[in-house]
$ cat query37.cif   # mmCIF, C-alpha atoms and all ligand atoms
data_coords
#
loop_
_atom_site.group_PDB
_atom_site.id
_atom_site.type_symbol
_atom_site.label_atom_id
_atom_site.label_comp_id
_atom_site.auth_asym_id
_atom_site.auth_seq_id
_atom_site.Cartn_x
_atom_site.Cartn_y
_atom_site.Cartn_z
ATOM 1 C CA MET A 116 2.968 -34.793 -19.997
ATOM 2 C CA ILE A 117 -0.601 -33.620 -19.268
ATOM 3 C CA ARG A 118 -3.160 -36.416 -19.668
ATOM 4 C CA ALA A 119 -6.952 -36.492 -19.338
ATOM 5 C CA GLU A 120 -6.601 -39.191 -16.648
ATOM 6 C CA LEU A 121 -4.944 -36.771 -14.204
ATOM 7 C CA PRO A 122 -7.043 -35.083 -11.480
ATOM 8 C CA VAL A 123 -8.187 -31.467 -11.383
ATOM 9 C CA ALA A 124 -6.456 -29.845 -8.394
ATOM 10 C CA VAL A 125 -8.391 -27.393 -6.228
ATOM 11 C CA PHE A 126 -6.946 -25.365 -3.353
ATOM 12 C CA ASP A 127 -7.974 -22.950 -0.628
ATOM 13 C CA SER A 128 -6.646 -21.838 2.741
ATOM 14 C CA GLY A 129 -9.152 -24.149 4.434
ATOM 15 C CA VAL A 130 -12.585 -25.681 3.917
ATOM 16 C CA GLY A 131 -14.101 -22.757 1.961
ATOM 17 C CA GLY A 132 -12.967 -24.161 -1.370
ATOM 18 C CA LEU A 133 -15.230 -27.135 -0.750
ATOM 19 C CA THR A 134 -18.093 -24.900 -1.918
ATOM 20 C CA VAL A 135 -16.318 -24.799 -5.300
ATOM 21 C CA LEU A 136 -15.387 -28.482 -5.218
ATOM 22 C CA HIS A 137 -19.069 -29.229 -4.607
ATOM 23 C CA GLU A 138 -20.051 -27.649 -7.911
ATOM 24 C CA LEU A 139 -17.243 -29.456 -9.723
ATOM 25 C CA LEU A 140 -18.260 -32.832 -8.287
ATOM 26 C CA VAL A 141 -21.820 -32.266 -9.462
ATOM 27 C CA SER A 142 -21.086 -30.618 -12.834
ATOM 28 C CA LEU A 143 -18.161 -32.827 -13.898
ATOM 29 C CA PRO A 144 -18.712 -36.078 -11.977
ATOM 30 C CA ALA A 145 -16.459 -38.201 -14.195
ATOM 31 C CA GLU A 146 -13.330 -36.208 -13.292
ATOM 32 C CA ASP A 147 -10.950 -37.051 -10.453
ATOM 33 C CA TYR A 148 -10.145 -34.301 -7.936
ATOM 34 C CA LEU A 149 -7.340 -33.526 -5.522
ATOM 35 C CA TYR A 150 -8.236 -30.850 -2.925
ATOM 36 C CA LEU A 151 -5.636 -29.093 -0.806
ATOM 37 C CA GLY A 152 -6.513 -26.951 2.235
ATOM 38 C CA ASP A 153 -3.550 -24.889 3.462
ATOM 39 C CA THR A 154 -4.950 -25.009 6.982
ATOM 40 C CA ALA A 155 -1.582 -24.524 8.711
ATOM 41 C CA ARG A 156 -1.426 -21.008 7.224
ATOM 42 C CA PHE A 157 -5.142 -20.122 7.535
ATOM 43 C CA PRO A 158 -6.431 -17.377 7.394
ATOM 44 C CA TYR A 159 -5.224 -16.019 4.068
ATOM 45 C CA GLY A 160 -7.546 -13.029 4.482
ATOM 46 C CA GLU A 161 -5.052 -11.182 6.697
ATOM 47 C CA ARG A 162 -1.952 -12.056 4.615
ATOM 48 C CA SER A 163 0.098 -9.662 2.480
ATOM 49 C CA HIS A 164 0.157 -9.697 -1.298
ATOM 50 C CA ALA A 165 3.727 -11.061 -1.311
ATOM 51 C CA GLU A 166 2.857 -13.893 1.099
ATOM 52 C CA LEU A 167 -0.181 -14.903 -0.943
ATOM 53 C CA GLU A 168 1.896 -15.011 -4.138
ATOM 54 C CA ARG A 169 4.528 -17.160 -2.429
ATOM 55 C CA PHE A 170 1.942 -19.563 -0.943
ATOM 56 C CA ALA A 171 0.094 -19.917 -4.264
ATOM 57 C CA ILE A 172 3.300 -20.788 -6.127
ATOM 58 C CA GLU A 173 4.405 -23.255 -3.431
ATOM 59 C CA ILE A 174 1.031 -24.977 -3.620
ATOM 60 C CA ALA A 175 1.066 -25.030 -7.432
ATOM 61 C CA GLU A 176 4.541 -26.590 -7.372
ATOM 62 C CA HIS A 177 3.352 -29.243 -4.934
ATOM 63 C CA LEU A 178 0.151 -30.053 -6.862
ATOM 64 C CA ILE A 179 1.944 -30.260 -10.203
ATOM 65 C CA ALA A 180 4.505 -32.620 -8.690
ATOM 66 C CA ALA A 181 1.599 -34.719 -7.328
ATOM 67 C CA GLY A 182 0.174 -34.791 -10.885
ATOM 68 C CA THR A 183 -2.667 -32.584 -12.134
ATOM 69 C CA LYS A 184 -4.083 -31.404 -15.450
ATOM 70 C CA LEU A 185 -5.650 -28.111 -14.247
ATOM 71 C CA LEU A 186 -5.356 -25.888 -11.175
ATOM 72 C CA VAL A 187 -8.363 -24.181 -9.576
ATOM 73 C CA VAL A 188 -7.638 -21.427 -7.050
ATOM 74 C CA ALA A 189 -10.799 -21.854 -4.946
ATOM 75 C CA CYS A 190 -9.850 -18.921 -2.728
ATOM 76 C CA ASN A 191 -10.651 -15.283 -3.393
ATOM 77 C CA ALA A 192 -7.740 -13.913 -1.379
ATOM 78 C CA ALA A 193 -5.237 -16.039 -3.333
ATOM 79 C CA SER A 194 -6.990 -15.405 -6.689
ATOM 80 C CA SER A 195 -7.090 -11.643 -6.048
ATOM 81 C CA ALA A 196 -3.458 -11.319 -5.039
ATOM 82 C CA ALA A 197 -1.717 -14.111 -6.885
ATOM 83 C CA LEU A 198 -3.506 -15.202 -10.067
ATOM 84 C CA GLY A 199 -1.270 -13.075 -12.312
ATOM 85 C CA ALA A 200 1.924 -14.259 -10.602
ATOM 86 C CA LEU A 201 0.700 -17.832 -10.782
ATOM 87 C CA GLN A 202 -0.047 -17.553 -14.506
ATOM 88 C CA ASP A 203 3.446 -16.120 -15.129
ATOM 89 C CA TRP A 204 5.065 -18.831 -13.005
ATOM 90 C CA LEU A 205 3.117 -21.589 -14.780
ATOM 91 C CA ALA A 206 4.024 -20.213 -18.205
ATOM 92 C CA ALA A 207 7.717 -20.056 -17.253
ATOM 93 C CA SER A 208 7.650 -23.531 -15.654
ATOM 94 C CA GLY A 209 6.705 -25.204 -18.923
ATOM 95 C CA ALA A 210 4.385 -27.509 -16.948
ATOM 96 C CA GLY A 211 1.592 -26.905 -19.455
ATOM 97 C CA VAL A 212 -1.010 -26.598 -16.674
ATOM 98 C CA ASP A 213 -3.654 -23.827 -16.858
ATOM 99 C CA VAL A 214 -5.106 -22.080 -13.820
ATOM 100 C CA ILE A 215 -8.612 -20.810 -13.099
ATOM 101 C CA GLY A 216 -9.480 -18.356 -10.312
ATOM 102 C CA VAL A 217 -12.770 -17.348 -8.699
ATOM 103 C CA VAL A 218 -12.933 -13.562 -9.213
ATOM 104 C CA ALA A 219 -13.869 -13.421 -12.915
ATOM 105 C CA PRO A 220 -16.641 -16.084 -12.779
ATOM 106 C CA ALA A 221 -18.328 -14.425 -9.759
ATOM 107 C CA THR A 222 -18.051 -10.938 -11.254
ATOM 108 C CA GLN A 223 -19.543 -11.991 -14.594
ATOM 109 C CA LEU A 224 -22.561 -13.577 -12.912
ATOM 110 C CA ALA A 225 -23.121 -10.583 -10.625
ATOM 111 C CA VAL A 226 -22.854 -7.958 -13.352
ATOM 112 C CA ALA A 227 -25.113 -9.923 -15.709
ATOM 113 C CA GLY A 228 -27.737 -10.387 -12.978
ATOM 114 C CA SER A 229 -27.895 -6.896 -11.428
ATOM 115 C CA ARG A 230 -30.731 -4.660 -12.601
ATOM 116 C CA SER A 231 -29.938 -1.631 -10.443
ATOM 117 C CA GLY A 232 -26.216 -1.601 -11.228
ATOM 118 C CA ARG A 233 -25.432 -1.493 -7.491
ATOM 119 C CA ILE A 234 -23.517 -4.563 -6.402
ATOM 120 C CA GLY A 235 -22.124 -5.407 -2.978
ATOM 121 C CA LEU A 236 -19.028 -7.415 -2.130
ATOM 122 C CA LEU A 237 -18.412 -9.258 1.126
ATOM 123 C CA ALA A 238 -14.820 -10.502 1.277
ATOM 124 C CA THR A 239 -11.716 -10.831 3.406
ATOM 125 C CA PRO A 240 -9.520 -7.762 4.033
ATOM 126 C CA ALA A 241 -6.847 -9.103 1.612
ATOM 127 C CA THR A 242 -9.376 -9.468 -1.222
ATOM 128 C CA VAL A 243 -10.892 -6.024 -0.670
ATOM 129 C CA ALA A 244 -7.450 -4.379 -0.379
ATOM 130 C CA SER A 245 -6.256 -5.991 -3.631
ATOM 131 C CA GLY A 246 -8.879 -4.091 -5.652
ATOM 132 C CA ALA A 247 -9.305 -7.187 -7.859
ATOM 133 C CA TYR A 248 -13.121 -7.019 -7.779
ATOM 134 C CA ASP A 249 -13.142 -3.251 -8.474
ATOM 135 C CA ARG A 250 -11.046 -3.876 -11.581
ATOM 136 C CA ALA A 251 -13.075 -6.914 -12.679
ATOM 137 C CA VAL A 252 -16.413 -5.084 -12.270
ATOM 138 C CA ALA A 253 -15.118 -1.983 -14.083
ATOM 139 C CA ARG A 254 -13.917 -4.175 -16.964
ATOM 140 C CA ALA A 255 -17.267 -5.961 -17.164
ATOM 141 C CA ASP A 256 -19.387 -2.783 -17.030
ATOM 142 C CA ALA A 257 -18.065 0.686 -16.252
ATOM 143 C CA HIS A 258 -21.525 1.818 -15.080
ATOM 144 C CA VAL A 259 -21.850 -0.687 -12.268
ATOM 145 C CA GLN A 260 -21.038 0.548 -8.761
ATOM 146 C CA LEU A 261 -19.367 -1.800 -6.302
ATOM 147 C CA GLU A 262 -19.746 -1.362 -2.549
ATOM 148 C CA SER A 263 -17.097 -3.492 -0.777
ATOM 149 C CA VAL A 264 -17.130 -4.579 2.856
ATOM 150 C CA ALA A 265 -14.107 -6.273 4.440
ATOM 151 C CA CYS A 266 -15.204 -8.976 6.896
ATOM 152 C CA PRO A 267 -12.112 -9.884 8.963
ATOM 153 C CA ASP A 268 -13.922 -12.249 11.347
ATOM 154 C CA LEU A 269 -16.266 -14.193 9.085
ATOM 155 C CA ALA A 270 -13.969 -16.815 7.476
ATOM 156 C CA PRO A 271 -12.316 -17.599 10.851
ATOM 157 C CA ILE A 272 -15.769 -18.044 12.437
ATOM 158 C CA ILE A 273 -16.755 -20.517 9.686
ATOM 159 C CA GLN A 274 -13.405 -22.334 9.671
ATOM 160 C CA GLY A 275 -13.708 -22.603 13.456
ATOM 161 C CA GLY A 276 -16.901 -24.627 13.039
ATOM 162 C CA PHE A 277 -19.149 -21.563 13.510
ATOM 163 C CA PRO A 278 -20.621 -21.586 16.957
ATOM 164 C CA PHE A 279 -23.802 -19.654 16.087
ATOM 165 C CA ASP A 280 -24.166 -17.436 19.099
ATOM 166 C CA GLU A 281 -25.523 -13.907 19.382
ATOM 167 C CA ALA A 282 -22.032 -12.428 18.890
ATOM 168 C CA VAL A 283 -21.704 -14.126 15.482
ATOM 169 C CA VAL A 284 -25.118 -12.876 14.432
ATOM 170 C CA ARG A 285 -24.199 -9.317 15.510
ATOM 171 C CA THR A 286 -20.903 -9.519 13.589
ATOM 172 C CA VAL A 287 -22.622 -10.673 10.407
ATOM 173 C CA ARG A 288 -25.342 -8.031 10.795
ATOM 174 C CA GLY A 289 -22.622 -5.378 11.054
ATOM 175 C CA TYR A 290 -21.020 -6.549 7.786
ATOM 176 C CA CYS A 291 -24.371 -6.509 5.975
ATOM 177 C CA ALA A 292 -25.448 -3.040 7.205
ATOM 178 C CA PRO A 293 -23.449 -0.945 4.667
ATOM 179 C CA LEU A 294 -24.813 -3.080 1.809
ATOM 180 C CA ARG A 295 -28.401 -2.596 2.988
ATOM 181 C CA ALA A 296 -27.770 1.145 3.229
ATOM 182 C CA ALA A 297 -26.311 1.183 -0.313
ATOM 183 C CA LYS A 298 -29.469 -0.611 -1.579
ATOM 184 C CA VAL A 299 -27.543 -3.167 -3.599
ATOM 185 C CA ASP A 300 -29.626 -5.772 -5.460
ATOM 186 C CA THR A 301 -26.804 -8.314 -5.782
ATOM 187 C CA VAL A 302 -24.067 -9.360 -3.367
ATOM 188 C CA ILE A 303 -20.935 -11.264 -4.370
ATOM 189 C CA LEU A 304 -19.868 -13.700 -1.656
ATOM 190 C CA GLY A 305 -16.206 -12.913 -2.298
ATOM 191 C CA CYS A 306 -14.823 -15.583 -0.004
ATOM 192 C CA THR A 307 -15.428 -19.245 -0.708
ATOM 193 C CA HIS A 308 -16.216 -19.831 2.977
ATOM 194 C CA TYR A 309 -19.272 -17.539 2.909
ATOM 195 C CA PRO A 310 -21.729 -19.761 0.965
ATOM 196 C CA LEU A 311 -21.604 -21.990 4.050
ATOM 197 C CA VAL A 312 -23.552 -19.282 5.948
ATOM 198 C CA ALA A 313 -25.759 -18.231 3.012
ATOM 199 C CA PRO A 314 -29.061 -18.510 4.960
ATOM 200 C CA LEU A 315 -27.805 -16.104 7.641
ATOM 201 C CA LEU A 316 -26.546 -13.626 5.017
ATOM 202 C CA GLN A 317 -29.748 -13.886 2.982
ATOM 203 C CA ARG A 318 -31.859 -13.161 6.070
ATOM 204 C CA MET A 319 -29.794 -10.108 6.960
ATOM 205 C CA LEU A 320 -29.528 -8.714 3.434
ATOM 206 C CA GLY A 321 -33.180 -9.355 2.584
ATOM 207 C CA ARG A 322 -35.017 -11.836 0.391
ATOM 208 C CA GLY A 323 -34.824 -9.659 -2.710
ATOM 209 C CA VAL A 324 -31.025 -9.515 -2.811
ATOM 210 C CA ALA A 325 -29.355 -12.080 -5.089
ATOM 211 C CA LEU A 326 -26.355 -13.793 -3.528
ATOM 212 C CA VAL A 327 -23.694 -14.665 -6.089
ATOM 213 C CA THR A 328 -21.115 -17.393 -5.550
ATOM 214 C CA SER A 329 -18.363 -18.453 -7.883
ATOM 215 C CA GLY A 330 -18.814 -22.253 -7.860
ATOM 216 C CA ALA A 331 -21.138 -22.745 -10.836
ATOM 217 C CA GLY A 332 -19.196 -20.286 -13.025
ATOM 218 C CA VAL A 333 -15.891 -21.916 -12.077
ATOM 219 C CA ALA A 334 -17.279 -25.339 -13.027
ATOM 220 C CA ARG A 335 -18.237 -24.009 -16.471
ATOM 221 C CA SER A 336 -14.781 -22.423 -16.906
ATOM 222 C CA VAL A 337 -13.132 -25.718 -15.917
ATOM 223 C CA GLU A 338 -15.232 -27.613 -18.449
ATOM 224 C CA ARG A 339 -14.360 -25.166 -21.241
ATOM 225 C CA ALA A 340 -10.654 -25.132 -20.333
ATOM 226 C CA LEU A 341 -10.419 -28.938 -20.323
ATOM 227 C CA SER A 342 -12.509 -29.337 -23.444
ATOM 228 C CA ALA A 343 -10.430 -26.779 -25.399
ATOM 229 C CA ARG A 344 -7.310 -28.839 -24.760
ATOM 230 C CA GLY A 345 -8.896 -32.261 -25.224
ATOM 231 C CA LEU A 346 -8.422 -33.013 -21.509
ATOM 232 C CA LEU A 347 -11.997 -33.888 -20.495
ATOM 233 C CA ARG A 348 -12.330 -37.550 -19.577
ATOM 234 C CA GLU A 349 -13.555 -39.425 -22.606
ATOM 235 C CA ASP A 350 -15.413 -41.969 -20.499
ATOM 236 C CA ALA A 351 -17.676 -39.234 -19.017
ATOM 237 C CA GLY A 352 -21.179 -40.646 -18.615
ATOM 238 C CA GLU A 353 -19.967 -44.107 -17.689
ATOM 239 C CA ARG A 354 -17.579 -43.148 -14.932
ATOM 240 C CA GLU A 355 -17.857 -41.696 -11.415
ATOM 241 C CA GLY A 356 -14.573 -40.015 -10.583
ATOM 242 C CA SER A 357 -12.730 -40.088 -7.263
ATOM 243 C CA TYR A 358 -11.708 -37.273 -4.922
ATOM 244 C CA ARG A 359 -9.124 -37.046 -2.185
ATOM 245 C CA PHE A 360 -7.882 -34.431 0.223
ATOM 246 C CA GLN A 361 -4.669 -32.982 1.568
ATOM 247 C CA CYS A 362 -4.169 -30.387 4.273
ATOM 248 C CA THR A 363 -1.151 -28.697 5.791
ATOM 249 C CA GLY A 364 -2.543 -28.497 9.334
ATOM 250 C CA GLU A 365 -4.016 -31.022 11.695
ATOM 251 C CA VAL A 366 -5.814 -33.820 9.791
ATOM 252 C CA GLY A 367 -8.542 -34.530 12.366
ATOM 253 C CA ALA A 368 -9.755 -30.927 12.497
ATOM 254 C CA PHE A 369 -9.855 -30.671 8.697
ATOM 255 C CA ALA A 370 -11.594 -34.032 8.266
ATOM 256 C CA GLY A 371 -14.261 -33.218 10.873
ATOM 257 C CA LEU A 372 -15.193 -29.879 9.338
ATOM 258 C CA ALA A 373 -14.876 -31.023 5.732
ATOM 259 C CA THR A 374 -17.189 -33.997 6.312
ATOM 260 C CA ARG A 375 -19.860 -31.643 7.650
ATOM 261 C CA PHE A 376 -19.499 -29.166 4.810
ATOM 262 C CA LEU A 377 -19.087 -31.532 1.865
ATOM 263 C CA GLN A 378 -22.112 -33.621 2.866
ATOM 264 C CA MET A 379 -20.493 -36.563 1.088
ATOM 265 C CA PRO A 380 -18.127 -39.212 2.378
ATOM 266 C CA LEU A 381 -14.674 -37.684 2.671
ATOM 267 C CA GLY A 382 -12.353 -40.641 2.129
ATOM 268 C CA GLU A 383 -8.623 -40.147 2.445
ATOM 269 C CA VAL A 384 -7.102 -37.018 3.983
ATOM 270 C CA ALA A 385 -3.306 -36.779 4.011
ATOM 271 C CA ARG A 386 -1.164 -34.171 5.703
ATOM 272 C CA VAL A 387 1.473 -32.468 3.584
ATOM 273 C CA ARG A 388 4.130 -29.948 4.559
ATOM 274 C CA LEU A 389 4.722 -26.923 2.379
ATOM 275 C CA GLY A 390 7.036 -23.983 2.586
ATOM 276 C CA ASP A 391 10.226 -25.638 3.757
ATOM 277 C CA GLY A 392 11.000 -27.262 0.423
ATOM 278 C CA ALA A 393 9.967 -30.767 1.470
ATOM 279 C CA ASP A 394 6.432 -32.116 1.278
ATOM 280 C CA ALA A 395 6.478 -34.976 3.682
ATOM 281 C CA ALA A 396 3.414 -37.132 4.127
ATOM 282 C CA GLY A 397 2.586 -37.280 7.823
ATOM 283 C CA GLU A 398 -0.641 -38.306 9.514
ATOM 284 C CA ARG A 399 -3.423 -39.831 7.496
ATOM 285 C CA ALA A 400 -7.106 -40.272 8.163
ATOM 286 C CA ALA A 401 -9.570 -42.244 6.121
HETATM 287 N N1 LIG B 501 -11.710 -18.953 1.468
HETATM 288 C C1 LIG B 501 -10.795 -17.879 1.280
HETATM 289 C C2 LIG B 501 -11.298 -16.881 0.262
HETATM 290 O O1 LIG B 501 -12.071 -17.237 -0.602
HETATM 291 C C3 LIG B 501 -10.284 -17.083 2.431
HETATM 292 C C4 LIG B 501 -10.427 -17.446 3.838
HETATM 293 C C5 LIG B 501 -9.183 -17.008 4.583
HETATM 294 O O2 LIG B 501 -8.245 -17.786 4.574
HETATM 295 O O3 LIG B 501 -9.159 -15.896 5.130
HETATM 296 O O4 LIG B 501 -10.903 -15.739 0.287
#
$ encode --input "query37.cif" --output "structure tokens"
Amino acid sequence: MIRAELPVAVFDSGVGGLTVLHELLVSLPAEDYLYLGDTARFPYGERSHAELERFAIEIAEHLIAAGTKLLVVACNAASSAALGALQDWLAASGAGVDVIGVVAPATQLAVAGSRSGRIGLLATPATVASGAYDRAVARADAHVQLESVACPDLAPIIQGGFPFDEAVVRTVRGYCAPLRAAKVDTVILGCTHYPLVAPLLQRMLGRGVALVTSGAGVARSVERALSARGLLREDAGEREGSYRFQCTGEVGAFAGLATRFLQMPLGEVARVRLGDGADAAGERAA
């Protein structure tokens, strides 16, 4: 039975989804949140369509068993490859839990904001190969052109704690070059890790280029989805919700990075195992 008291569950391959969680914590502070980073299987950006579908369903199964009222796929690679499969699986499961991805909210903001009709996309190879943004942009406005650049190294650099040396700067400059040449006025950061290096991207793309992230749009979609089903917390305004974390990889590495990126106290992080049928709680850090 879905109840308003249950948490909103948010997942990503790693710490990138914290950029989405951030917006949720600010926009809907009365809600409780459960965040899962599938760090043992990071990066998703090099995974196949079939793997991403399988991972997304395994995670959904785990989060529903843990208790949640809404799922947020805070990962572009998983949203691009697996949102449809996840929606079908959820409908068949009878769990009554809705799911929200990141591609539609980012696309809507970018298309609405672009004056020139030339939009860039920086994303992982899996997201670019899926064609999800091409389809979403074409649906939103057939006259908008999308220039996509696959950035295989960028999410791993960020997840690795981004040592900002000259090699990183050169790599990022290389990813931005085709978008500068295409004279885009708007760039979708099509990986939830990328807002964490927004100043570097903004400098390389130029001041006049609008960077679009999905977080704020996702928060609005979450609010509408909960409100439509009477699942928003009724005590909103009086209550400050809680948030907790799970990861599938090493707890210490996740907690260290996540504390830096969330810029809020992290609280409990628990390790869970996925993929072998049994989710066993292992190490914990608080
Ligand atoms: N943060 C994920 C995304 O939005 C991907 C990072 C990765 O695992 O490659 O696509």
$ residues_near_ligand --input "query37.cif" --ligand "ligand LIG 501 (chain B)" --cutoff "10 Å" --atoms "only C-alpha atoms and all ligand atoms" --output "PyMOL selection string"
chain A and resi 126-135+152-154+156-162+188-195+217-218+237-243+266-271+273-274+304-309+329
$ atom_distance --input "query37.cif" --atom1 "atom CA of A:Ser263" --atom2 "atom CA of A:Phe376"
26.4 Å
$ closest_residue --input "query37.cif" --among "A:Ala207, A:Tyr290, A:Ile172, A:Phe360" --to "A:Thr374" --atoms "only C-alpha atoms"
A:Phe360
$ atom_distance --input "query37.cif" --atom1 "atom CA of A:Gly275" --atom2 "atom CA of A:Leu372"
8.5 Å
$ closest_residue --input "query37.cif" --among "A:Ser208, A:Ser336, A:Thr301, A:Ser231" --to "A:Gly321" --atoms "only C-alpha atoms"
A:Thr301
$ closest_residue --input "query37.cif" --among "A:Arg118, A:Ile303, A:His177, A:Met319" --to "A:Gly289" --atoms "only C-alpha atoms"
A:Met319
$ residues_around --input "query37.cif" --residues "A:Ala175" --least-positions-apart "5" --cutoff "10 Å" --atoms "all atoms listed in the file" --output "list in words"
Ala124, Val125, Phe126, Arg169, Phe170, Ala180, Ala181, Thr183, Leu186, Val187, Val188, Leu201, Trp204, Leu205, Val212 and Val214 of chain A
$ resolve_selection --input "query37.cif" --expression "the PyMOL selection byres (((chain A and resi 378) around 12) and not hetatm)" --output "MDAnalysis selection string"
chainID A and resid 133:134 136:137 140 311 370:377 379:381
$ residues_around --input "query37.cif" --residues "A:Leu294" --least-positions-apart "5" --cutoff "10 Å" --atoms "all atoms listed in the file" --output "count of residues only"
15
$ closest_residue --input "query37.cif" --among "A:Val284, A:Arg230, A:Arg335, A:Ala343" --to "A:Pro314" --atoms "all atoms listed in the file"
A:Val284
$ atom_distance --input "query37.cif" --atom1 "atom CA of A:Ala210" --atom2 "atom CA of A:Leu178"
11.2 Å
$ closest_residue --input "query37.cif" --among "A:Asp249, A:Glu138, A:Asp147, A:Ala196" --to "A:Ser163" --atoms "only C-alpha atoms"
A:Ala196
$ axis_aligned_box --input "query37.cif" --around "stretch 321-327 of chain A" --padding-each-side "4 Å" --output "AutoDock Vina command-line options"
--center_x -29.4 --center_y -12.0 --center_z -1.8 --size_x 19.3 --size_y 13.3 --size_z 16.7
$ closest_residue --input "query37.cif" --among "A:Leu326, A:Gly390, A:Arg339, A:Met116" --to "A:Ile215" --atoms "all atoms listed in the file"
A:Arg339
$ residues_around --input "query37.cif" --residues "A:Gly345" --least-positions-apart "5" --cutoff "12 Å" --atoms "all atoms listed in the file" --output "PDB file with C-alpha atoms, keeping the file's coordinate frame"
ATOM      1  CA  ILE A 117      -0.601 -33.620 -19.268  1.00  0.00           C
ATOM      2  CA  ARG A 118      -3.160 -36.416 -19.668  1.00  0.00           C
ATOM      3  CA  ALA A 119      -6.952 -36.492 -19.338  1.00  0.00           C
ATOM      4  CA  GLU A 120      -6.601 -39.191 -16.648  1.00  0.00           C
ATOM      5  CA  LYS A 184      -4.083 -31.404 -15.450  1.00  0.00           C
ATOM      6  CA  GLU A 338     -15.232 -27.613 -18.449  1.00  0.00           C
ATOM      7  CA  ARG A 339     -14.360 -25.166 -21.241  1.00  0.00           C
ATOM      8  CA  ALA A 340     -10.654 -25.132 -20.333  1.00  0.00           C
TER       9      ALA A 340
END
$ residues_around --input "query37.cif" --residues "A:Glu146" --least-positions-apart "6" --cutoff "9 Å" --atoms "only C-alpha atoms" --output "short mmCIF file (atom, residue, chain, number, x, y, z; two decimals) with C-alpha atoms, keeping the file's coordinate frame"
data_model
loop_
_atom_site.label_atom_id
_atom_site.label_comp_id
_atom_site.auth_asym_id
_atom_site.auth_seq_id
_atom_site.Cartn_x
_atom_site.Cartn_y
_atom_site.Cartn_z
CA ALA A 119 -6.95 -36.49 -19.34
CA GLU A 120 -6.60 -39.19 -16.65
CA LEU A 121 -4.94 -36.77 -14.20
CA PRO A 122 -7.04 -35.08 -11.48
CA VAL A 123 -8.19 -31.47 -11.38
CA LEU A 139 -17.24 -29.46 -9.72
CA LEU A 140 -18.26 -32.83 -8.29
CA LEU A 347 -12.00 -33.89 -20.50
CA ARG A 348 -12.33 -37.55 -19.58
CA ALA A 351 -17.68 -39.23 -19.02
CA ARG A 354 -17.58 -43.15 -14.93
CA GLU A 355 -17.86 -41.70 -11.42
CA GLY A 356 -14.57 -40.02 -10.58
CA SER A 357 -12.73 -40.09 -7.26
CA TYR A 358 -11.71 -37.27 -4.92
#
$ decode --input "query37.cif" --residues "stretch 346-356 of chain A" --atoms "N, CA, C and O atoms" --output "mmCIF file, in the first residue's frame"
data_model
loop_
_atom_site.group_PDB
_atom_site.id
_atom_site.type_symbol
_atom_site.label_atom_id
_atom_site.label_comp_id
_atom_site.auth_asym_id
_atom_site.auth_seq_id
_atom_site.Cartn_x
_atom_site.Cartn_y
_atom_site.Cartn_z
ATOM 1 N N LEU A 346 -0.171 12.048 -2.586
ATOM 2 C CA LEU A 346 0.940 11.441 -1.845
ATOM 3 C C LEU A 346 1.952 12.455 -1.310
ATOM 4 O O LEU A 346 2.991 12.074 -0.767
ATOM 5 N N LEU A 347 1.667 13.761 -1.477
ATOM 6 C CA LEU A 347 2.566 14.754 -0.867
ATOM 7 C C LEU A 347 2.347 14.722 0.634
ATOM 8 O O LEU A 347 1.223 14.511 1.085
ATOM 9 N N ARG A 348 3.380 14.951 1.402
ATOM 10 C CA ARG A 348 3.214 14.943 2.862
ATOM 11 C C ARG A 348 2.285 16.072 3.277
ATOM 12 O O ARG A 348 2.466 17.211 2.844
ATOM 13 N N GLU A 349 1.328 15.753 4.081
ATOM 14 C CA GLU A 349 0.339 16.768 4.474
ATOM 15 C C GLU A 349 0.911 17.756 5.466
ATOM 16 O O GLU A 349 0.441 18.881 5.580
ATOM 17 N N ASP A 350 1.973 17.317 6.191
ATOM 18 C CA ASP A 350 2.547 18.201 7.200
ATOM 19 C C ASP A 350 3.633 19.100 6.606
ATOM 20 O O ASP A 350 4.439 19.673 7.335
ATOM 21 N N ALA A 351 3.673 19.229 5.259
ATOM 22 C CA ALA A 351 4.678 20.091 4.615
ATOM 23 C C ALA A 351 4.565 21.486 5.219
ATOM 24 O O ALA A 351 3.473 21.978 5.442
ATOM 25 N N GLY A 352 5.712 22.140 5.449
ATOM 26 C CA GLY A 352 5.645 23.462 6.075
ATOM 27 C C GLY A 352 6.040 23.376 7.523
ATOM 28 O O GLY A 352 6.714 24.252 8.048
ATOM 29 N N GLU A 353 5.646 22.278 8.180
ATOM 30 C CA GLU A 353 6.012 22.132 9.597
ATOM 31 C C GLU A 353 7.170 21.164 9.743
ATOM 32 O O GLU A 353 7.814 21.099 10.781
ATOM 33 N N ARG A 354 7.431 20.386 8.719
ATOM 34 C CA ARG A 354 8.311 19.234 8.868
ATOM 35 C C ARG A 354 9.571 19.387 8.020
ATOM 36 O O ARG A 354 9.517 19.875 6.903
ATOM 37 N N GLU A 355 10.721 18.924 8.548
ATOM 38 C CA GLU A 355 11.924 18.790 7.727
ATOM 39 C C GLU A 355 12.168 17.298 7.575
ATOM 40 O O GLU A 355 12.350 16.597 8.574
ATOM 41 N N GLY A 356 12.118 16.820 6.356
ATOM 42 C CA GLY A 356 12.229 15.386 6.108
ATOM 43 C C GLY A 356 13.637 14.866 6.338
ATOM 44 O O GLY A 356 14.582 15.629 6.532
#
